[in-house]
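Participant: For reference, the structure I am asking about is given below.
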Amino acid sequence: MTIASAALLAGCGQGEEPEARPQGTAPDTKQQAGKGDVAVAMKDYEFIPANVKVKAGESITWSNEDEGIQHNAVAREGQGPKSELFNGGETYTWTAKDAGTIDYVCTIHPGMEGTITVR
């Protein structure tokens with residue numbers, strides 16, 4: 001368990017700097033999914049954009065762009081996204097069902113938070 005705990009702490013990025021990309025080479029964060037779907041990048045310990053609006057029935061896809069660092073997207077309470085931790089280069093998709101406002105976070109990185117407004 002000690003090795004697993006150390007590996008989990010390493011995933012939090014303590015003391016690690018995200019790898020810099022040369023200017024103009026950032027990957028396209030637009031999702032190639034159906035019309036109306038929204039893409040959110042997880043980069044430099046932020047959700048980009050942090051606040052999104054969707055219609056009920058539309059999907060949001062989070063893409064972890066922090067190589068070597070795990071993130072998740074989890075609603076603070078009630079209905080909303082509830083991903084497991086996932087690695088850089090991986091994605092998580094959630095479909096909005098009911099109108100309202102959902103505050104969400106990355107549970108292992110304090111201050112990494114966002115809002116979803118479902119119309």
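Every chain in the structure tokens has a letter given in the order shown (A, B, ...), and although residue numbers restart at 1 in each chain, ligands are simply numbered from 1 in the order shown.
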Leaving out range 45-47 of chain A and any residue of its chain fewer than 3 positions from it, which residues lie within 8 Å of it when counting only C-alpha atoms, given as a short mmCIF file (atom, residue, chain, number, x, y, z; two decimals) with C-alpha atoms, in the first residue's frame?

Facilitator:
```cif
data_model
loop_
_atom_site.label_atom_id
_atom_site.label_comp_id
_atom_site.auth_asym_id
_atom_site.auth_seq_id
_atom_site.Cartn_x
_atom_site.Cartn_y
_atom_site.Cartn_z
CA VAL A 40 -13.35 21.28 -21.85
CA ALA A 41 -9.57 21.00 -21.60
CA MET A 42 -7.88 20.12 -18.32
CA ALA A 50 -14.18 26.88 -16.52
CA ASP A 66 -1.62 17.55 -18.42
CA HIS A 109 -6.47 19.54 -7.02
CA MET A 112 -9.55 23.34 -9.97
CA GLU A 113 -13.28 24.00 -10.39
CA GLY A 114 -15.91 24.84 -12.95
#
```

Participant: Excluding Ile102 in chain A and any residue of its chain fewer than 6 positions from it, enumerate the residues within 8 Å of it, using only C-alpha atoms, and give them as a PyMOL selection string.

Facilitator: chain A and resi 75-76+79-80+115-118

Participant: With C-alpha atoms retained, write the just-selected residues as a PDB file, in the first residue's frame.

Facilitator:
```
ATOM      1  CA  ALA A  75     -20.112  17.359  -9.294  1.00  0.00           C
ATOM      2  CA  ARG A  76     -19.855  18.943  -5.845  1.00  0.00           C
ATOM      3  CA  GLN A  79     -26.507  15.020 -10.341  1.00  0.00           C
ATOM      4  CA  GLY A  80     -23.606  15.806 -12.643  1.00  0.00           C
ATOM      5  CA  THR A 115     -19.611  25.401 -13.534  1.00  0.00           C
ATOM      6  CA  ILE A 116     -22.039  23.811 -15.987  1.00  0.00           C
ATOM      7  CA  THR A 117     -25.265  25.641 -16.828  1.00  0.00           C
ATOM      8  CA  VAL A 118     -27.833  23.297 -18.367  1.00  0.00           C
TER       9      VAL A 118
END
```

Participant: Which residue out of A:Asn72, A:Thr107, A:Ser83, A:Thr93 has the minimum interatomic distance to Ser59 in chain A when only C-alpha atoms are used?

Facilitator: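 Using only C-alpha atoms, Ser59 in chain A sits closest to A:Thr93.
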
Participant: Could you tell me, as a VMD selection string, which residues of range 63-113 of chain A DSSP assigns to strand (DSSP E) when given the backbone?

Facilitator: chain A and resid 63 to 64 74 to 75 91 to 95 100 to 105 113

Participant: Selection from above, C-alpha atoms, as an mmCIF file, in the first residue's frame, can you write it?

Facilitator:
```cif
data_model
loop_
_atom_site.group_PDB
_atom_site.id
_atom_site.type_symbol
_atom_site.label_atom_id
_atom_site.label_comp_id
_atom_site.auth_asym_id
_atom_site.auth_seq_id
_atom_site.Cartn_x
_atom_site.Cartn_y
_atom_site.Cartn_z
ATOM 1 C CA SER A 63 -9.728 16.091 -22.189
ATOM 2 C CA ASN A 64 -6.801 15.769 -19.804
ATOM 3 C CA VAL A 74 -16.950 15.424 -10.225
ATOM 4 C CA ALA A 75 -20.112 17.359 -9.294
ATOM 5 C CA THR A 91 -11.084 11.856 -22.005
ATOM 6 C CA TYR A 92 -14.348 11.617 -20.077
ATOM 7 C CA THR A 93 -17.782 12.406 -21.535
ATOM 8 C CA TRP A 94 -20.957 13.193 -19.597
ATOM 9 C CA THR A 95 -24.428 14.006 -20.979
ATOM 10 C CA GLY A 100 -29.904 23.827 -13.659
ATOM 11 C CA THR A 101 -26.444 24.835 -12.522
ATOM 12 C CA ILE A 102 -23.825 22.267 -11.552
ATOM 13 C CA ASP A 103 -20.623 23.186 -9.750
ATOM 14 C CA TYR A 104 -17.863 20.637 -10.298
ATOM 15 C CA VAL A 105 -14.242 20.089 -9.257
ATOM 16 C CA GLU A 113 -13.280 23.996 -10.386
#
```

Participant: Name all residues at most 9 Å from Gly57 in chain A (count only C-alpha atoms; drop same-chain ones fewer than 3 positions away) and give them as a PyMOL selection string.

Facilitator: chain A and resi 54+95-98

Participant: For a quick check of understanding, using only C-alpha atoms, which of A:Ile108, A:Ala99, A:Glu84, A:Glu77 has the smallest distance to Trp62 in chain A?

Facilitator: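 Answer, going by the shortest atom-to-atom distance: A:Glu84.
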
Participant: With only C-alpha atoms as the basis for distance, which of A:Asp44, A:Pro81, A:Cys106, A:Gly111 is at the shortest distance from Ile60 in chain A?

Facilitator: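 Nearest to Ile60 in chain A: A:Pro81.
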
Participant: Using only C-alpha atoms, which of A:Lys82, A:Pro110, A:Glu90, A:Asp37 sits nearest Lys55 in chain A?

Facilitator: A:Asp37

Participant: Give me, please, the distance in Å between CA of Arg119 in chain A and CA of Ala73 in chain A, quoted to one decimal.

Facilitator: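 Taking CA of Arg119 in chain A and CA of Ala73 in chain A, their separation equals 19.9 Å.
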